[in-house]
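Next comes target.tsv, a file with TSV, C-alpha atoms.
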```tsv
chain	number	residue	atom	x	y	z
S	1	MET	CA	-19.51	-45.91	93.04
S	2	GLN	CA	-16.19	-46.86	94.59
S	3	ILE	CA	-16.21	-45.16	97.97
S	4	GLY	CA	-13.49	-44.90	100.59
S	5	PHE	CA	-14.48	-44.43	104.21
S	6	ILE	CA	-12.02	-43.38	106.91
S	7	GLY	CA	-13.20	-43.50	110.52
S	8	LEU	CA	-15.41	-46.35	111.68
S	9	GLY	CA	-16.71	-45.18	115.03
S	10	LYS	CA	-20.39	-45.53	115.81
S	11	MET	CA	-21.38	-42.87	113.31
S	12	GLY	CA	-18.92	-43.83	110.59
S	13	SER	CA	-19.75	-47.53	110.78
S	14	ALA	CA	-23.47	-46.89	110.38
S	15	MET	CA	-22.89	-44.56	107.44
S	16	ALA	CA	-20.49	-46.94	105.69
S	17	VAL	CA	-22.92	-49.85	106.06
S	18	ASN	CA	-25.77	-47.80	104.61
S	19	LEU	CA	-23.66	-46.83	101.61
S	20	ALA	CA	-22.86	-50.51	101.06
S	21	LYS	CA	-26.53	-51.43	101.38
S	22	ALA	CA	-27.25	-48.95	98.60
S	23	GLY	CA	-25.00	-50.97	96.29
S	24	HIS	CA	-21.79	-49.00	96.46
S	25	GLN	CA	-18.34	-50.59	96.87
S	26	VAL	CA	-17.15	-49.29	100.21
S	27	HIS	CA	-13.47	-49.66	101.18
S	28	ALA	CA	-12.98	-48.59	104.79
S	29	TRP	CA	-10.03	-47.96	107.07
S	30	ASN	CA	-9.97	-47.25	110.77
S	31	ARG	CA	-7.15	-46.25	113.11
S	32	SER	CA	-7.92	-49.16	115.44
S	33	PRO	CA	-8.94	-52.71	114.44
S	34	VAL	CA	-12.55	-53.26	113.39
S	35	ASP	CA	-14.40	-56.56	113.26
S	36	ALA	CA	-15.63	-56.92	109.68
S	37	ALA	CA	-18.80	-58.57	110.99
S	38	GLU	CA	-19.78	-55.24	112.54
S	39	VAL	CA	-19.82	-53.51	109.14
S	40	PRO	CA	-21.55	-55.97	106.79
S	41	GLY	CA	-21.01	-55.27	103.11
S	42	VAL	CA	-18.00	-53.06	103.79
S	43	THR	CA	-14.48	-54.11	102.76
S	44	ILE	CA	-11.88	-53.37	105.43
S	45	VAL	CA	-8.61	-52.23	103.86
S	46	ASP	CA	-5.21	-52.17	105.51
S	47	SER	CA	-4.10	-48.67	104.57
S	48	VAL	CA	-5.33	-45.12	104.18
S	49	ALA	CA	-3.93	-45.18	100.65
S	50	ALA	CA	-6.32	-47.98	99.70
S	51	ALA	CA	-9.28	-45.95	100.94
S	52	LEU	CA	-8.06	-42.98	98.91
S	53	ASP	CA	-7.80	-45.01	95.69
S	54	THR	CA	-11.51	-44.46	95.06
S	55	GLU	CA	-13.87	-41.97	93.42
S	56	VAL	CA	-15.13	-40.48	96.67
S	57	VAL	CA	-13.80	-40.73	100.20
S	58	PHE	CA	-15.64	-39.89	103.42
S	59	THR	CA	-13.72	-39.02	106.56
S	60	MET	CA	-15.52	-39.29	109.89
S	61	LEU	CA	-12.68	-38.52	112.28
S	62	ALA	CA	-12.94	-36.82	115.65
S	63	ASP	CA	-11.34	-33.44	115.01
S	64	ASP	CA	-8.88	-31.30	113.08
S	65	ALA	CA	-5.87	-33.05	114.59
S	66	ALA	CA	-7.08	-36.51	113.60
S	67	ILE	CA	-7.64	-35.50	109.97
S	68	ARG	CA	-4.31	-33.70	109.84
S	69	SER	CA	-2.51	-36.74	111.24
S	70	VAL	CA	-4.22	-39.36	109.06
S	71	LEU	CA	-4.23	-37.53	105.74
S	72	LEU	CA	-1.69	-34.70	105.74
S	73	ASP	CA	1.14	-35.39	108.15
S	74	SER	CA	1.28	-39.02	107.00
S	75	GLY	CA	1.58	-37.97	103.35
S	76	ALA	CA	-1.34	-40.25	102.49
S	77	LEU	CA	-3.22	-37.58	100.57
S	78	ASP	CA	-0.26	-37.32	98.19
S	79	SER	CA	-1.24	-40.69	96.72
S	80	ALA	CA	-4.96	-40.00	96.34
S	81	ARG	CA	-6.56	-40.96	93.04
S	82	ALA	CA	-6.73	-38.06	90.58
S	83	GLY	CA	-10.08	-36.30	90.71
S	84	LEU	CA	-10.96	-37.71	94.13
S	85	ILE	CA	-13.81	-35.99	95.99
S	86	HIS	CA	-13.09	-35.80	99.71
S	87	ILE	CA	-16.12	-35.41	101.98
S	88	VAL	CA	-15.50	-34.43	105.60
S	89	ALA	CA	-18.59	-35.48	107.53
S	90	ALA	CA	-17.30	-34.58	111.00
S	91	THR	CA	-17.41	-31.30	112.90
S	92	ILE	CA	-14.16	-29.43	112.31
S	93	SER	CA	-13.05	-25.84	112.70
S	94	VAL	CA	-13.80	-23.23	110.08
S	95	ALA	CA	-10.12	-22.30	109.88
S	96	PHE	CA	-9.09	-25.89	109.18
S	97	SER	CA	-11.89	-26.30	106.65
S	98	LYS	CA	-10.56	-23.31	104.73
S	99	ALA	CA	-7.05	-24.74	104.87
S	100	LEU	CA	-8.29	-28.10	103.57
S	101	ALA	CA	-10.12	-26.41	100.69
S	102	ALA	CA	-6.95	-24.59	99.64
S	103	ASP	CA	-4.79	-27.70	100.03
S	104	HIS	CA	-7.14	-29.86	97.96
S	105	ALA	CA	-7.41	-27.24	95.23
S	106	GLU	CA	-3.62	-27.20	94.90
S	107	ARG	CA	-3.64	-30.99	94.52
S	108	GLY	CA	-6.45	-31.00	91.95
S	109	LEU	CA	-8.79	-32.73	94.38
S	110	ALA	CA	-12.30	-31.67	95.38
S	111	TYR	CA	-13.09	-30.95	99.03
S	112	VAL	CA	-16.66	-30.88	100.29
S	113	ALA	CA	-17.81	-30.24	103.87
S	114	ALA	CA	-20.86	-32.34	104.76
S	115	PRO	CA	-21.20	-32.46	108.56
S	116	VAL	CA	-24.20	-34.35	109.87
S	117	PHE	CA	-26.81	-33.75	112.54
S	118	GLY	CA	-27.98	-36.91	114.26
S	119	ARG	CA	-26.97	-39.53	116.80
S	120	PRO	CA	-25.80	-43.08	116.01
S	121	ASP	CA	-29.36	-44.42	115.98
S	122	ALA	CA	-30.31	-41.84	113.35
S	123	ALA	CA	-27.20	-42.76	111.34
S	124	ALA	CA	-28.14	-46.45	111.45
S	125	ALA	CA	-31.66	-45.63	110.27
S	126	ALA	CA	-30.33	-43.36	107.48
S	127	GLN	CA	-32.17	-40.44	109.08
S	128	LEU	CA	-29.38	-37.92	109.41
S	129	ASN	CA	-29.62	-34.32	108.32
S	130	VAL	CA	-26.62	-33.39	106.20
S	131	VAL	CA	-25.36	-29.84	105.77
S	132	VAL	CA	-23.27	-29.58	102.61
S	133	ALA	CA	-21.13	-26.91	100.96
S	134	GLY	CA	-18.42	-27.05	98.33
S	135	PRO	CA	-17.78	-26.81	94.58
S	136	GLU	CA	-21.05	-27.13	92.67
S	137	ASP	CA	-20.00	-30.02	90.44
S	138	ALA	CA	-18.60	-32.03	93.34
S	139	VAL	CA	-21.70	-31.41	95.46
S	140	ALA	CA	-23.92	-32.49	92.56
S	141	THR	CA	-21.94	-35.71	92.21
S	142	ILE	CA	-22.12	-36.69	95.87
S	143	THR	CA	-25.65	-35.51	96.71
S	144	PRO	CA	-27.17	-38.94	95.88
S	145	LEU	CA	-24.74	-40.49	98.36
S	146	LEU	CA	-25.72	-37.99	101.04
S	147	GLU	CA	-29.39	-38.66	100.32
S	148	THR	CA	-28.74	-42.35	100.99
S	149	LEU	CA	-27.67	-41.42	104.51
S	150	SER	CA	-30.27	-38.85	105.40
S	151	THR	CA	-33.81	-37.61	105.55
S	152	LYS	CA	-32.71	-34.32	104.02
S	153	VAL	CA	-29.63	-32.68	102.52
S	154	TRP	CA	-29.25	-28.97	103.23
S	155	PRO	CA	-27.04	-27.15	100.65
S	156	LEU	CA	-25.42	-23.98	102.01
S	157	GLY	CA	-23.19	-22.72	99.20
S	158	THR	CA	-19.89	-23.23	97.44
S	159	ASP	CA	-17.58	-22.38	100.36
S	160	PRO	CA	-17.14	-25.53	102.49
S	161	ALA	CA	-16.58	-23.44	105.62
S	162	GLN	CA	-20.22	-22.34	105.50
S	163	ALA	CA	-21.33	-25.88	106.29
S	164	ASN	CA	-18.82	-26.13	109.14
S	165	ALA	CA	-19.97	-22.84	110.66
S	166	ALA	CA	-23.60	-23.96	110.52
S	167	LYS	CA	-22.76	-27.27	112.18
S	168	ILE	CA	-20.79	-25.62	114.97
S	169	ALA	CA	-23.60	-23.14	115.60
S	170	GLY	CA	-26.17	-25.95	115.57
S	171	ASN	CA	-24.23	-28.05	118.07
S	172	MET	CA	-23.91	-24.99	120.28
S	173	MET	CA	-27.70	-24.61	120.24
S	174	ILE	CA	-28.18	-28.29	121.19
S	175	THR	CA	-26.07	-27.77	124.31
S	176	MET	CA	-28.13	-24.70	125.12
S	177	ALA	CA	-31.31	-26.78	124.85
S	178	ILE	CA	-29.85	-29.38	127.21
S	179	GLU	CA	-28.86	-26.67	129.68
S	180	ALA	CA	-32.31	-25.02	129.41
S	181	MET	CA	-34.01	-28.31	130.32
S	182	SER	CA	-31.55	-28.88	133.16
S	183	GLU	CA	-32.26	-25.49	134.67
S	184	GLY	CA	-36.01	-25.91	134.23
S	185	VAL	CA	-35.91	-29.28	135.99
S	186	ALA	CA	-33.87	-27.74	138.81
S	187	LEU	CA	-36.41	-24.98	139.43
S	188	ALA	CA	-39.55	-27.10	139.04
S	189	GLY	CA	-38.04	-29.99	140.98
S	190	ASP	CA	-37.25	-27.81	143.98
S	191	ASN	CA	-40.98	-27.18	144.17
S	192	GLY	CA	-42.03	-30.80	143.99
S	193	VAL	CA	-42.57	-31.21	140.24
S	194	ALA	CA	-41.10	-34.49	138.98
S	195	ALA	CA	-38.59	-34.20	136.16
S	196	ASP	CA	-40.53	-36.54	133.87
S	197	THR	CA	-43.77	-34.63	134.45
S	198	PHE	CA	-42.14	-31.28	133.82
S	199	LEU	CA	-40.27	-32.29	130.67
S	200	ASP	CA	-43.30	-34.12	129.29
S	201	LEU	CA	-45.20	-30.86	129.72
S	202	MET	CA	-42.49	-28.79	128.05
S	203	THR	CA	-41.84	-31.11	125.10
S	204	GLY	CA	-45.58	-31.55	124.60
S	205	THR	CA	-46.31	-27.83	124.50
S	206	LEU	CA	-43.76	-25.05	124.09
S	207	PHE	CA	-40.62	-27.05	123.30
S	208	GLY	CA	-41.61	-29.80	120.88
S	209	ALA	CA	-38.40	-29.59	118.86
S	210	ARG	CA	-36.26	-32.67	118.19
S	211	ALA	CA	-33.36	-31.59	120.40
S	212	TYR	CA	-35.66	-31.29	123.40
S	213	GLN	CA	-37.51	-34.51	122.64
S	214	SER	CA	-34.28	-36.46	122.11
S	215	TYR	CA	-32.50	-35.40	125.28
S	216	ALA	CA	-35.39	-35.07	127.74
S	217	PRO	CA	-35.58	-38.87	128.29
S	218	LYS	CA	-31.84	-39.03	129.03
S	219	ILE	CA	-32.14	-36.24	131.57
S	220	VAL	CA	-35.10	-37.95	133.24
S	221	SER	CA	-33.51	-41.40	133.33
S	222	GLY	CA	-30.01	-40.24	134.20
S	223	ASP	CA	-28.71	-42.65	131.57
S	224	PHE	CA	-25.84	-40.83	129.95
S	225	THR	CA	-24.54	-43.69	127.83
S	226	PRO	CA	-22.76	-41.81	125.07
S	227	GLY	CA	-24.33	-41.15	121.74
S	228	PHE	CA	-22.10	-38.09	121.48
S	229	LYS	CA	-19.31	-37.90	124.05
S	230	MET	CA	-19.10	-34.85	126.25
S	231	LYS	CA	-15.42	-34.32	125.48
S	232	LEU	CA	-16.35	-33.93	121.80
S	233	GLY	CA	-19.20	-31.59	122.73
S	234	LEU	CA	-16.74	-29.44	124.65
S	235	LYS	CA	-14.48	-29.43	121.58
S	236	ASP	CA	-17.38	-28.09	119.52
S	237	LEU	CA	-18.15	-25.39	122.09
S	238	ARG	CA	-14.53	-24.31	121.89
S	239	LEU	CA	-14.86	-24.10	118.11
S	240	ALA	CA	-17.95	-21.94	118.60
S	241	THR	CA	-15.97	-19.68	120.92
S	242	GLU	CA	-13.26	-19.36	118.27
S	243	LEU	CA	-15.90	-18.19	115.78
S	244	ALA	CA	-17.34	-15.72	118.28
S	245	ASP	CA	-13.89	-14.32	118.98
S	246	ALA	CA	-13.17	-14.01	115.26
S	247	ALA	CA	-16.46	-12.13	114.81
S	248	GLN	CA	-15.65	-9.97	117.86
S	249	ILE	CA	-18.98	-10.76	119.50
S	250	THR	CA	-19.86	-11.86	123.02
S	251	LEU	CA	-22.16	-14.86	123.39
S	252	PRO	CA	-22.94	-15.09	127.12
S	253	VAL	CA	-25.00	-18.30	126.96
S	254	LEU	CA	-22.24	-20.04	125.03
S	255	ASP	CA	-19.73	-18.94	127.67
S	256	ALA	CA	-21.92	-20.27	130.48
S	257	VAL	CA	-22.59	-23.66	128.88
S	258	ARG	CA	-18.94	-24.12	127.87
S	259	THR	CA	-17.89	-23.40	131.45
S	260	ARG	CA	-20.34	-25.99	132.82
S	261	MET	CA	-19.34	-28.61	130.28
S	262	GLY	CA	-15.67	-27.90	130.88
S	263	ALA	CA	-16.17	-28.46	134.61
S	264	ALA	CA	-18.00	-31.72	133.91
S	265	VAL	CA	-15.19	-32.99	131.68
S	266	ASP	CA	-12.61	-31.95	134.29
S	267	ALA	CA	-14.63	-33.97	136.83
S	268	GLY	CA	-14.16	-37.11	134.74
S	269	MET	CA	-17.39	-37.10	132.71
S	270	GLY	CA	-15.79	-36.66	129.28
S	271	GLU	CA	-16.71	-40.17	128.08
S	272	GLN	CA	-20.39	-39.74	129.03
S	273	ASP	CA	-23.04	-38.34	126.72
S	274	TRP	CA	-22.94	-34.55	126.54
S	275	SER	CA	-26.42	-34.42	128.07
S	276	GLY	CA	-24.66	-35.51	131.27
S	277	ILE	CA	-24.16	-31.84	132.17
S	278	ALA	CA	-27.73	-32.10	133.45
S	279	SER	CA	-26.41	-34.20	136.34
S	280	ARG	CA	-23.98	-31.50	137.48
S	281	PRO	CA	-25.15	-29.66	140.61
S	282	TYR	CA	-25.68	-25.92	140.48
S	283	ALA	CA	-23.64	-23.79	142.84
S	284	PRO	CA	-25.71	-22.28	145.66
S	285	LYS	CA	-25.83	-18.53	146.01
S	286	ASP	CA	-23.76	-16.98	148.77
```
Just give me the structure of the file as structure tokens.
Amino acid sequence: MQIGFIGLGKMGSAMAVNLAKAGHQVHAWNRSPVDAAEVPGVTIVDSVAAALDTEVVFTMLADDAAIRSVLLDSGALDSARAGLIHIVAATISVAFSKALAADHAERGLAYVAAPVFGRPDAAAAAQLNVVVAGPEDAVATITPLLETLSTKVWPLGTDPAQANAAKIAGNMMITMAIEAMSEGVALAGDNGVAADTFLDLMTGTLFGARAYQSYAPKIVSGDFTPGFKMKLGLKDLRLATELADAAQITLPVLDAVRTRMGAAVDAGMGEQDWSGIASRPYAPKD
């Protein structure tokens, strides 16, 4: 297929390269210059319009504002090829997803939400988990592409916002897992149990899930080189809070983790991996 790809960060670059490896013609555009040698098999184009003159376009941009700026405010989507299927693979708000669905329908374009779970190493290995929702025919068309990028594709329905809600909730739970390990290490460590010993025990017994196994080594090593930047994690926690407010429910753990991550970002840690909240000290009791 002829595929456009907009957004060549660590995740987007890995995904675009894997699509090219699968034999597709990938035409990619990024807001800042990209060395073509870093995305072998991918054709770098000089405009958003060129990326939109394809059968399918992926966008892997940071947030609502980035998508709005690149595609809507610029007028670029006005020149999209007729019948284009637009796949948003990033984590965006439910409200904006609904607005995109309505906007695309008016234009005669198909909009599919397909946010991904996985860090850049998983993207490079084509081992993402993709959550997808959108019009049935469009989803059927793009599912082979999503399978190229992932270990499993998880269909959630015909309303794209369902996929976005699931991704936001999932990211919220990852931060809760990181915070749970951080608090466990704090308690055990104060009584002489080494962090690596404690987390090896936990991930080898009660908490053998991927989120725990992936982030425990970062907490132990203190290496918070970003796979997913904390400032983006905080953005996702704010999206989760928006959903909670819309549902008129109180989520106390979400509030606590968002507060801690917000303090870490305010302290200058926004460019670190979101697991870096584990390095933040806990306030002593009065």
Please list as an mmCIF file with C-alpha atoms, keeping the file's coordinate frame every residue within 12 Å of S:Lys167, counting all atoms listed in the file and excluding residues in the same chain fewer than 4 positions away.
```cif
data_model
loop_
_atom_site.group_PDB
_atom_site.id
_atom_site.type_symbol
_atom_site.label_atom_id
_atom_site.label_comp_id
_atom_site.auth_asym_id
_atom_site.auth_seq_id
_atom_site.Cartn_x
_atom_site.Cartn_y
_atom_site.Cartn_z
ATOM 1 C CA ALA S 89 -18.590 -35.480 107.530
ATOM 2 C CA ALA S 90 -17.300 -34.580 111.000
ATOM 3 C CA THR S 91 -17.410 -31.300 112.900
ATOM 4 C CA ILE S 92 -14.160 -29.430 112.310
ATOM 5 C CA SER S 93 -13.050 -25.840 112.700
ATOM 6 C CA VAL S 94 -13.800 -23.230 110.080
ATOM 7 C CA ALA S 113 -17.810 -30.240 103.870
ATOM 8 C CA ALA S 114 -20.860 -32.340 104.760
ATOM 9 C CA PRO S 115 -21.200 -32.460 108.560
ATOM 10 C CA VAL S 116 -24.200 -34.350 109.870
ATOM 11 C CA PHE S 117 -26.810 -33.750 112.540
ATOM 12 C CA GLY S 118 -27.980 -36.910 114.260
ATOM 13 C CA ASN S 129 -29.620 -34.320 108.320
ATOM 14 C CA VAL S 130 -26.620 -33.390 106.200
ATOM 15 C CA VAL S 131 -25.360 -29.840 105.770
ATOM 16 C CA VAL S 132 -23.270 -29.580 102.610
ATOM 17 C CA ALA S 133 -21.130 -26.910 100.960
ATOM 18 C CA TRP S 154 -29.250 -28.970 103.230
ATOM 19 C CA LEU S 156 -25.420 -23.980 102.010
ATOM 20 C CA PRO S 160 -17.140 -25.530 102.490
ATOM 21 C CA ALA S 161 -16.580 -23.440 105.620
ATOM 22 C CA GLN S 162 -20.220 -22.340 105.500
ATOM 23 C CA ALA S 163 -21.330 -25.880 106.290
ATOM 24 C CA ASN S 171 -24.230 -28.050 118.070
ATOM 25 C CA MET S 172 -23.910 -24.990 120.280
ATOM 26 C CA MET S 173 -27.700 -24.610 120.240
ATOM 27 C CA ILE S 174 -28.180 -28.290 121.190
ATOM 28 C CA GLY S 233 -19.200 -31.590 122.730
ATOM 29 C CA ASP S 236 -17.380 -28.090 119.520
ATOM 30 C CA LEU S 237 -18.150 -25.390 122.090
ATOM 31 C CA LEU S 239 -14.860 -24.100 118.110
ATOM 32 C CA ALA S 240 -17.950 -21.940 118.600
ATOM 33 C CA LEU S 243 -15.900 -18.190 115.780
#
```
Shell of 12 Å around S:Gly7, all atoms listed in the file, local chain residues under 4 positions omitted, as a compact mmCIF listing (two decimals) with C-alpha atoms, in the coordinates of the input:
```txt
# COMPACT_ATOMS: atom_id res chain seq x y z
CA MET S 11 -21.38 -42.87 113.31
CA GLY S 12 -18.92 -43.83 110.59
CA SER S 13 -19.75 -47.53 110.78
CA ALA S 14 -23.47 -46.89 110.38
CA MET S 15 -22.89 -44.56 107.44
CA ALA S 16 -20.49 -46.94 105.69
CA HIS S 27 -13.47 -49.66 101.18
CA ALA S 28 -12.98 -48.59 104.79
CA TRP S 29 -10.03 -47.96 107.07
CA ASN S 30 -9.97 -47.25 110.77
CA ARG S 31 -7.15 -46.25 113.11
CA SER S 32 -7.92 -49.16 115.44
CA PRO S 33 -8.94 -52.71 114.44
CA VAL S 34 -12.55 -53.26 113.39
CA ILE S 44 -11.88 -53.37 105.43
CA VAL S 45 -8.61 -52.23 103.86
CA VAL S 48 -5.33 -45.12 104.18
CA ALA S 51 -9.28 -45.95 100.94
CA VAL S 57 -13.80 -40.73 100.20
CA PHE S 58 -15.64 -39.89 103.42
CA THR S 59 -13.72 -39.02 106.56
CA MET S 60 -15.52 -39.29 109.89
CA LEU S 61 -12.68 -38.52 112.28
CA ALA S 62 -12.94 -36.82 115.65
CA ASP S 63 -11.34 -33.44 115.01
CA ALA S 66 -7.08 -36.51 113.60
CA ILE S 67 -7.64 -35.50 109.97
CA VAL S 70 -4.22 -39.36 109.06
CA LEU S 71 -4.23 -37.53 105.74
CA VAL S 88 -15.50 -34.43 105.60
CA ALA S 89 -18.59 -35.48 107.53
CA ALA S 90 -17.30 -34.58 111.00
```
Top pick for closest residue to S:Ile87, considering S:Arg210, S:His104, S:Lys229, S:Lys285 and counting all atoms listed in the file: S:His104
Test item: residues at most 10 Å from S:Asn18, only C-alpha atoms, excluding those fewer than 6 positions along its chain, as a PyMOL selection string: chain S and resi 12+24+26+39-42+123-126+145+148-149
As a PyMOL selection string, please: the residues near stretch 74-84 of chain S (cut-off 6 Å, all atoms listed in the file, same-chain neighbours under 4 positions excluded). chain S and resi 49+52-53+55-56+70+109
Using only C-alpha atoms, which of the listed residues (S:Ala211, S:Ala278, S:Val153, S:Ala122) sits closest to S:Gly184?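 Closest residue, counting only C-alpha atoms: S:Ala278.
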Just want the 12 Å neighbourhood of S:Thr259, counted on all atoms listed in the file, with same-chain residues fewer than 5 positions away dropped. Output as a ChimeraX atom specification. /S:175,179,234,237-238,241,252-254,264-266,277,280
In terms of the shortest atom-to-atom distance over only C-alpha atoms, which of S:Leu251, S:Leu146, S:Pro120, S:Glu136 is closest to S:Gly227?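 Of S:Leu251, S:Leu146, S:Pro120, S:Glu136, the one nearest S:Gly227 is S:Pro120, counting only C-alpha atoms.
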Between atom CA of S:Tyr111 and atom CA of S:Lys231, distance in Å (one decimal):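 Distance reported for this atom pair: 26.8 Å.
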Point-to-point distance from atom CA of S:Tyr212 to atom CA of S:Phe198, Å rounded to tenths: 12.3 Å
Between atom CA of S:Gly189 and atom CA of S:Lys218 lies a distance of 16.2 Å
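You can rank S:Val112, S:Ala188, S:Met1, S:Ala37 by their closest distance to S:Gln25 using only C-alpha atoms, and at the top of that list sits S:Met1.
Nearest-residue note for S:Lys235: choosing from S:Met261, S:Leu128, S:Met181, S:Leu72, the minimum distance belongs to S:Met261, counting all atoms listed in the file.
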Work out where the centre of an axis-aligned box around every listed atom of stretch 269-286 of chain S lies and how long its edges are once 3 Å is added on each side; give both in Å to one decimal as JSON.
```
{"center_x": -21.8, "center_y": -28.6, "center_z": 137.7, "size_x": 17.9, "size_y": 29.2, "size_z": 28.2}
```
As a PDB file, in the frame of the given file, please: stretch 194-216 of chain S completed to N, CA and C atoms.
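File produced: part13.pdb:
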```pdb
ATOM      1  N   ALA S 194     -42.000 -33.442 139.444  1.00  0.00           N
ATOM      2  CA  ALA S 194     -41.100 -34.490 138.980  1.00  0.00           C
ATOM      3  C   ALA S 194     -40.514 -34.130 137.621  1.00  0.00           C
ATOM      4  N   ALA S 195     -39.264 -34.534 137.404  1.00  0.00           N
ATOM      5  CA  ALA S 195     -38.590 -34.200 136.160  1.00  0.00           C
ATOM      6  C   ALA S 195     -39.333 -34.735 134.947  1.00  0.00           C
ATOM      7  N   ASP S 196     -39.842 -35.978 135.029  1.00  0.00           N
ATOM      8  CA  ASP S 196     -40.530 -36.540 133.870  1.00  0.00           C
ATOM      9  C   ASP S 196     -41.826 -35.790 133.582  1.00  0.00           C
ATOM     10  N   THR S 197     -42.526 -35.393 134.637  1.00  0.00           N
ATOM     11  CA  THR S 197     -43.770 -34.630 134.450  1.00  0.00           C
ATOM     12  C   THR S 197     -43.490 -33.282 133.818  1.00  0.00           C
ATOM     13  N   PHE S 198     -42.463 -32.605 134.330  1.00  0.00           N
ATOM     14  CA  PHE S 198     -42.140 -31.280 133.820  1.00  0.00           C
ATOM     15  C   PHE S 198     -41.691 -31.329 132.368  1.00  0.00           C
ATOM     16  N   LEU S 199     -40.783 -32.251 132.042  1.00  0.00           N
ATOM     17  CA  LEU S 199     -40.270 -32.290 130.670  1.00  0.00           C
ATOM     18  C   LEU S 199     -41.314 -32.824 129.691  1.00  0.00           C
ATOM     19  N   ASP S 200     -42.202 -33.694 130.157  1.00  0.00           N
ATOM     20  CA  ASP S 200     -43.300 -34.120 129.290  1.00  0.00           C
ATOM     21  C   ASP S 200     -44.194 -32.928 128.958  1.00  0.00           C
ATOM     22  N   LEU S 201     -44.435 -32.085 129.941  1.00  0.00           N
ATOM     23  CA  LEU S 201     -45.200 -30.860 129.720  1.00  0.00           C
ATOM     24  C   LEU S 201     -44.514 -29.947 128.718  1.00  0.00           C
ATOM     25  N   MET S 202     -43.223 -29.727 128.909  1.00  0.00           N
ATOM     26  CA  MET S 202     -42.490 -28.790 128.050  1.00  0.00           C
ATOM     27  C   MET S 202     -42.385 -29.304 126.609  1.00  0.00           C
ATOM     28  N   THR S 203     -42.008 -30.583 126.458  1.00  0.00           N
ATOM     29  CA  THR S 203     -41.840 -31.110 125.100  1.00  0.00           C
ATOM     30  C   THR S 203     -43.177 -31.322 124.405  1.00  0.00           C
ATOM     31  N   GLY S 204     -44.252 -31.387 125.192  1.00  0.00           N
ATOM     32  CA  GLY S 204     -45.580 -31.550 124.600  1.00  0.00           C
ATOM     33  C   GLY S 204     -46.280 -30.248 124.309  1.00  0.00           C
ATOM     34  N   THR S 205     -45.672 -29.136 124.712  1.00  0.00           N
ATOM     35  CA  THR S 205     -46.310 -27.830 124.500  1.00  0.00           C
ATOM     36  C   THR S 205     -45.350 -26.858 123.824  1.00  0.00           C
ATOM     37  N   LEU S 206     -44.579 -26.139 124.625  1.00  0.00           N
ATOM     38  CA  LEU S 206     -43.760 -25.050 124.090  1.00  0.00           C
ATOM     39  C   LEU S 206     -42.483 -25.484 123.398  1.00  0.00           C
ATOM     40  N   PHE S 207     -41.934 -26.657 123.784  1.00  0.00           N
ATOM     41  CA  PHE S 207     -40.620 -27.050 123.300  1.00  0.00           C
ATOM     42  C   PHE S 207     -40.694 -28.444 122.662  1.00  0.00           C
ATOM     43  N   GLY S 208     -41.427 -28.521 121.570  1.00  0.00           N
ATOM     44  CA  GLY S 208     -41.610 -29.800 120.880  1.00  0.00           C
ATOM     45  C   GLY S 208     -40.563 -30.102 119.837  1.00  0.00           C
ATOM     46  N   ALA S 209     -39.443 -29.390 119.864  1.00  0.00           N
ATOM     47  CA  ALA S 209     -38.400 -29.590 118.860  1.00  0.00           C
ATOM     48  C   ALA S 209     -37.617 -30.866 119.139  1.00  0.00           C
ATOM     49  N   ARG S 210     -36.945 -31.380 118.100  1.00  0.00           N
ATOM     50  CA  ARG S 210     -36.260 -32.670 118.190  1.00  0.00           C
ATOM     51  C   ARG S 210     -35.191 -32.676 119.271  1.00  0.00           C
ATOM     52  N   ALA S 211     -34.432 -31.598 119.405  1.00  0.00           N
ATOM     53  CA  ALA S 211     -33.360 -31.590 120.400  1.00  0.00           C
ATOM     54  C   ALA S 211     -33.918 -31.790 121.807  1.00  0.00           C
ATOM     55  N   TYR S 212     -35.035 -31.141 122.092  1.00  0.00           N
ATOM     56  CA  TYR S 212     -35.660 -31.290 123.400  1.00  0.00           C
ATOM     57  C   TYR S 212     -36.221 -32.701 123.569  1.00  0.00           C
ATOM     58  N   GLN S 213     -36.901 -33.187 122.553  1.00  0.00           N
ATOM     59  CA  GLN S 213     -37.510 -34.510 122.640  1.00  0.00           C
ATOM     60  C   GLN S 213     -36.475 -35.620 122.726  1.00  0.00           C
ATOM     61  N   SER S 214     -35.325 -35.423 122.108  1.00  0.00           N
ATOM     62  CA  SER S 214     -34.280 -36.460 122.110  1.00  0.00           C
ATOM     63  C   SER S 214     -33.569 -36.550 123.452  1.00  0.00           C
ATOM     64  N   TYR S 215     -33.324 -35.401 124.081  1.00  0.00           N
ATOM     65  CA  TYR S 215     -32.500 -35.400 125.280  1.00  0.00           C
ATOM     66  C   TYR S 215     -33.299 -35.389 126.577  1.00  0.00           C
ATOM     67  N   ALA S 216     -34.576 -35.044 126.520  1.00  0.00           N
ATOM     68  CA  ALA S 216     -35.390 -35.070 127.740  1.00  0.00           C
ATOM     69  C   ALA S 216     -35.401 -36.457 128.395  1.00  0.00           C
TER      70      ALA S 216
END
```
